[in-house]
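Okay, structure first, notes after.
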Amino acid sequence: MSSQRPFRFGVINESPLPACEWFAHVKRVEALGYSTFLIRDHVLPDFFGDQFAPLVAMTAAATATTRLRVGTIVIDNDYRHPPMLAKEVATLDLLSGGRFELGLGAGWLRSEYDAMGMPFDRNGVRIDRMAESIQVLKGLFAEGSFSFSGEHYQIENLDLFPAPAQRPHPPILIGGGKRRVLTLAGKEADIVGILTTSVATGTVVDDPHERTVAGIREKLGWVRDGAGERFDQIELSIIPNLVVTPDRRGAAERVIEEHGWSGIGVEDVLKMPSMLIGTLDQIVDTVYARREELGFSYYIVSDQNTEEFAPIVERLSGS
């Protein structure tokens, strides 16, 4: 199973610093041994604060580094027509020397759609549109001209230039927390990110039962349903909450209080795959155990935790 895939670690850019400080930050992420530097795709601050434009920012990050991979987590499919996204992705991948990873999502933040005057279609329509977009992107990344006739997109004899450096295409990450998206991810993605909050209503809903071991196993089952025999080829990713402390139980109690959870105990929190709580040694042991138990090998943290998480990166990267 994918439990033996080597560990790697990524950083989400949540700090739109002044230019000189931002470039120094990117270089520091690379120096600390992180594999990827990633950015979300939002035009409103909402839950995550202000964001740079993802493809432009990741191009800049790639030019400032030599080994660090850059990517999106995730591009909103509704914001970009697939052929234009394919061209931007291929160009970035080529000019970065094959260091781009494409995270793609169906879009979910209703307030953002409303602010931009875009229709916020029901979940099934947005997911169907993303499913078609993936087919278009993969077709355009392949050699030769490509045509496609779907409900949402029609492409006629389009030959993409330039071709991406990575073949057959840059790695595709799809993240989600519900059956339909995760089944699609299992079918199409190289990397699957397991979401531990729900965004199905157009906002973030923090249900602790989404985070339990049983909840995560159900989500992984949906990925497996879509993947079939290719499941072992998929890299499994999660975004953890990190608390470095000698007092695990006290920290878990504070987590429950801060989130306002009910019906969840300390042991439940400590077992949550998205929670890394304890000393550095305890967290390292936990990460190993969860790879063996659930298959997670790719951990992505906020850049607010870059330095705090770095000792774990140093000890586990590539192992």
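Ordering of the structure tokens sets the chain letters (A, B, ...), residue numbers begin anew at 1 in every chain, and ligands are numbered from 1 in the order given.
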
### Message
Give me, as a PyMOL selection string, all polymer residues having an atom no more than 12 Å from Asp121 in chain A, counting only C-alpha atoms and skipping those fewer than 6 positions away in the same chain.
### Response
chain A and resi 78+106-110+113-114+127-129+200-202

Give me the residues of range 96-175 of chain A that have any atom at most 12 Å from an atom of range 47-54 of chain A; for each, the nearest atom pair and the distance in Å, rounded to one decimal. Use only C-alpha atoms, sort by chain and number, and format it as JSON lines.
```
{"residue": "A:Phe100", "atom": "CA", "partner": "A:Pro54", "partner_atom": "CA", "distance": 11.8}
{"residue": "A:Glu101", "atom": "CA", "partner": "A:Pro54", "partner_atom": "CA", "distance": 11.9}
{"residue": "A:Leu102", "atom": "CA", "partner": "A:Pro54", "partner_atom": "CA", "distance": 10.7}
{"residue": "A:Gly103", "atom": "CA", "partner": "A:Pro54", "partner_atom": "CA", "distance": 10.7}
{"residue": "A:Leu104", "atom": "CA", "partner": "A:Pro54", "partner_atom": "CA", "distance": 11.8}
{"residue": "A:Leu109", "atom": "CA", "partner": "A:Phe47", "partner_atom": "CA", "distance": 9.7}
{"residue": "A:Ser111", "atom": "CA", "partner": "A:Phe47", "partner_atom": "CA", "distance": 11.0}
{"residue": "A:Glu112", "atom": "CA", "partner": "A:Phe47", "partner_atom": "CA", "distance": 11.3}
```

### Message
I'd like the neighbourhood of Phe161 in chain A as an MDAnalysis selection string, where a residue qualifies if any of its atoms comes within 12 Å (using only C-alpha atoms), though same-chain residues fewer than 4 positions away should be ignored.
### Response
chainID A and resid 83:92 94 140:145 165

### Query
When distances are computed from only C-alpha atoms, which of A:Pro240, A:Gly295, A:Gly33, A:Gly150 shows the smallest separation from Arg217 in chain A?
A:Gly295

### All residues 9 Å or closer to Gly278 in chain A, only C-alpha atoms, same chain fewer than 6 positions away omitted, as a list in words
Leu242, Val243, Val244, Thr245, Pro246, Asp247, Arg248, Arg249 and Ala251 of chain A

Got time to write the residues from that selection, N, CA and C atoms, as an mmCIF file, in the first residue's frame?
```cif
data_model
loop_
_atom_site.group_PDB
_atom_site.id
_atom_site.type_symbol
_atom_site.label_atom_id
_atom_site.label_comp_id
_atom_site.auth_asym_id
_atom_site.auth_seq_id
_atom_site.Cartn_x
_atom_site.Cartn_y
_atom_site.Cartn_z
ATOM 1 N N LEU A 242 -0.821 21.589 14.157
ATOM 2 C CA LEU A 242 0.421 21.260 14.845
ATOM 3 C C LEU A 242 0.467 21.943 16.209
ATOM 4 N N VAL A 243 0.677 21.146 17.256
ATOM 5 C CA VAL A 243 0.870 21.695 18.601
ATOM 6 C C VAL A 243 2.056 20.968 19.226
ATOM 7 N N VAL A 244 3.190 21.659 19.333
ATOM 8 C CA VAL A 244 4.380 21.072 19.952
ATOM 9 C C VAL A 244 4.342 21.392 21.440
ATOM 10 N N THR A 245 4.213 20.346 22.261
ATOM 11 C CA THR A 245 4.027 20.536 23.694
ATOM 12 C C THR A 245 4.363 19.243 24.433
ATOM 13 N N PRO A 246 4.824 19.343 25.687
ATOM 14 C CA PRO A 246 5.005 18.133 26.492
ATOM 15 C C PRO A 246 3.689 17.663 27.127
ATOM 16 N N ASP A 247 2.671 18.497 27.086
ATOM 17 C CA ASP A 247 1.382 18.196 27.719
ATOM 18 C C ASP A 247 0.338 17.899 26.652
ATOM 19 N N ARG A 248 0.317 16.669 26.165
ATOM 20 C CA ARG A 248 -0.594 16.310 25.076
ATOM 21 C C ARG A 248 -2.055 16.423 25.497
ATOM 22 N N ARG A 249 -2.373 15.932 26.678
ATOM 23 C CA ARG A 249 -3.770 15.934 27.097
ATOM 24 C C ARG A 249 -4.287 17.359 27.323
ATOM 25 N N ALA A 251 -3.198 20.026 25.843
ATOM 26 C CA ALA A 251 -3.333 20.646 24.530
ATOM 27 C C ALA A 251 -4.599 20.173 23.824
#
```

### Task
as a ChimeraX atom specification, list the residues of range 27-232 of chain A assigned to strand (DSSP E) by DSSP on the backbone atoms of this structure.
/A:36-39,69-72,75-76,100-105,146-149,154-158,172-176,191-194

Mind dumping the selected residues with N, CA and C atoms as an mmCIF file, in the first residue's frame?
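And here is the file that came out, part-v1.cif:
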```cif
data_model
loop_
_atom_site.group_PDB
_atom_site.id
_atom_site.type_symbol
_atom_site.label_atom_id
_atom_site.label_comp_id
_atom_site.auth_asym_id
_atom_site.auth_seq_id
_atom_site.Cartn_x
_atom_site.Cartn_y
_atom_site.Cartn_z
ATOM 1 N N THR A 36 7.555 21.458 -1.164
ATOM 2 C CA THR A 36 6.672 22.296 -1.976
ATOM 3 C C THR A 36 6.335 23.596 -1.266
ATOM 4 N N PHE A 37 6.081 24.614 -2.076
ATOM 5 C CA PHE A 37 5.584 25.912 -1.624
ATOM 6 C C PHE A 37 4.301 26.159 -2.393
ATOM 7 N N LEU A 38 3.203 26.345 -1.679
ATOM 8 C CA LEU A 38 1.875 26.299 -2.279
ATOM 9 C C LEU A 38 1.075 27.541 -1.931
ATOM 10 N N ILE A 39 0.027 27.781 -2.724
ATOM 11 C CA ILE A 39 -0.837 28.922 -2.449
ATOM 12 C C ILE A 39 -2.272 28.581 -2.840
ATOM 13 N N ARG A 69 9.697 22.761 -5.203
ATOM 14 C CA ARG A 69 8.561 22.623 -6.099
ATOM 15 C C ARG A 69 7.485 23.610 -5.687
ATOM 16 N N VAL A 70 6.732 24.110 -6.661
ATOM 17 C CA VAL A 70 5.699 25.100 -6.372
ATOM 18 C C VAL A 70 4.364 24.572 -6.872
ATOM 19 N N GLY A 71 3.285 25.052 -6.277
ATOM 20 C CA GLY A 71 1.991 24.534 -6.692
ATOM 21 C C GLY A 71 0.820 25.313 -6.133
ATOM 22 N N THR A 72 -0.366 24.856 -6.480
ATOM 23 C CA THR A 72 -1.605 25.487 -6.052
ATOM 24 C C THR A 72 -2.401 24.528 -5.183
ATOM 25 N N ILE A 75 -6.387 25.623 -7.324
ATOM 26 C CA ILE A 75 -7.005 26.487 -8.329
ATOM 27 C C ILE A 75 -8.505 26.220 -8.356
ATOM 28 N N ASP A 76 -9.300 27.286 -8.374
ATOM 29 C CA ASP A 76 -10.747 27.155 -8.555
ATOM 30 C C ASP A 76 -11.020 26.974 -10.046
ATOM 31 N N PHE A 100 6.418 22.229 -11.113
ATOM 32 C CA PHE A 100 5.063 22.683 -10.775
ATOM 33 C C PHE A 100 4.141 21.510 -10.485
ATOM 34 N N GLU A 101 3.253 21.703 -9.485
ATOM 35 C CA GLU A 101 2.218 20.721 -9.158
ATOM 36 C C GLU A 101 0.871 21.433 -9.175
ATOM 37 N N LEU A 102 -0.065 20.890 -9.934
ATOM 38 C CA LEU A 102 -1.358 21.530 -10.138
ATOM 39 C C LEU A 102 -2.401 20.978 -9.179
ATOM 40 N N GLY A 103 -2.761 21.771 -8.180
ATOM 41 C CA GLY A 103 -3.902 21.454 -7.343
ATOM 42 C C GLY A 103 -5.141 22.082 -7.945
ATOM 43 N N LEU A 104 -6.186 21.293 -8.108
ATOM 44 C CA LEU A 104 -7.400 21.755 -8.784
ATOM 45 C C LEU A 104 -8.612 21.420 -7.935
ATOM 46 N N GLY A 105 -9.548 22.376 -7.856
ATOM 47 C CA GLY A 105 -10.776 22.156 -7.113
ATOM 48 C C GLY A 105 -11.976 22.684 -7.873
ATOM 49 N N PHE A 146 -5.997 18.298 -29.860
ATOM 50 C CA PHE A 146 -6.984 17.691 -28.975
ATOM 51 C C PHE A 146 -8.354 18.310 -29.216
ATOM 52 N N SER A 147 -9.359 17.456 -29.241
ATOM 53 C CA SER A 147 -10.748 17.903 -29.349
ATOM 54 C C SER A 147 -11.560 17.280 -28.227
ATOM 55 N N PHE A 148 -12.591 17.999 -27.813
ATOM 56 C CA PHE A 148 -13.434 17.508 -26.706
ATOM 57 C C PHE A 148 -14.818 18.120 -26.848
ATOM 58 N N SER A 149 -15.826 17.312 -26.652
ATOM 59 C CA SER A 149 -17.203 17.800 -26.682
ATOM 60 C C SER A 149 -17.931 17.326 -25.443
ATOM 61 N N GLN A 154 -16.196 22.705 -24.928
ATOM 62 C CA GLN A 154 -16.022 22.179 -26.277
ATOM 63 C C GLN A 154 -14.677 22.694 -26.805
ATOM 64 N N ILE A 155 -13.837 21.764 -27.187
ATOM 65 C CA ILE A 155 -12.496 22.087 -27.682
ATOM 66 C C ILE A 155 -12.355 21.476 -29.067
ATOM 67 N N GLU A 156 -11.831 22.243 -30.020
ATOM 68 C CA GLU A 156 -11.729 21.740 -31.386
ATOM 69 C C GLU A 156 -10.308 21.877 -31.911
ATOM 70 N N ASN A 157 -9.646 20.741 -32.104
ATOM 71 C CA ASN A 157 -8.321 20.667 -32.742
ATOM 72 C C ASN A 157 -7.337 21.689 -32.166
ATOM 73 N N LEU A 158 -7.201 21.664 -30.846
ATOM 74 C CA LEU A 158 -6.307 22.611 -30.186
ATOM 75 C C LEU A 158 -5.005 21.903 -29.833
ATOM 76 N N ILE A 172 -1.100 16.151 -10.591
ATOM 77 C CA ILE A 172 -2.393 16.784 -10.301
ATOM 78 C C ILE A 172 -2.835 16.381 -8.902
ATOM 79 N N LEU A 173 -3.124 17.388 -8.090
ATOM 80 C CA LEU A 173 -3.671 17.171 -6.751
ATOM 81 C C LEU A 173 -5.137 17.565 -6.757
ATOM 82 N N ILE A 174 -5.975 16.706 -6.223
ATOM 83 C CA ILE A 174 -7.373 17.033 -5.990
ATOM 84 C C ILE A 174 -7.656 16.767 -4.519
ATOM 85 N N GLY A 175 -8.226 17.766 -3.846
ATOM 86 C CA GLY A 175 -8.552 17.607 -2.444
ATOM 87 C C GLY A 175 -10.057 17.672 -2.235
ATOM 88 N N GLY A 176 -10.518 17.049 -1.165
ATOM 89 C CA GLY A 176 -11.936 17.100 -0.856
ATOM 90 C C GLY A 176 -12.257 16.276 0.371
ATOM 91 N N ILE A 191 -2.124 13.009 -6.614
ATOM 92 C CA ILE A 191 -2.060 13.318 -5.187
ATOM 93 C C ILE A 191 -3.486 13.610 -4.733
ATOM 94 N N VAL A 192 -3.898 13.013 -3.634
ATOM 95 C CA VAL A 192 -5.230 13.270 -3.095
ATOM 96 C C VAL A 192 -5.083 13.879 -1.708
ATOM 97 N N GLY A 193 -5.649 15.079 -1.537
ATOM 98 C CA GLY A 193 -5.659 15.741 -0.251
ATOM 99 C C GLY A 193 -6.976 15.475 0.463
ATOM 100 N N ILE A 194 -6.900 14.958 1.682
ATOM 101 C CA ILE A 194 -8.094 14.646 2.456
ATOM 102 C C ILE A 194 -8.468 15.860 3.301
#
```

Within 12 Å of range 7-31 of chain A, which residues of range 236-263 of chain A come that close, and what is the closest atom pair and distance in Å for each? Count only C-alpha atoms and give it as a Markdown table.
```
| residue | atom | partner | partner_atom | distance |
| --- | --- | --- | --- | --- |
| A:Leu236 | CA | A:Phe7 | CA | 10.2 |
| A:Ser237 | CA | A:Phe9 | CA | 9.3 |
| A:Ile238 | CA | A:Phe9 | CA | 10.1 |
| A:Ile239 | CA | A:Gly10 | CA | 9.2 |
| A:Pro240 | CA | A:Phe9 | CA | 11.1 |
```
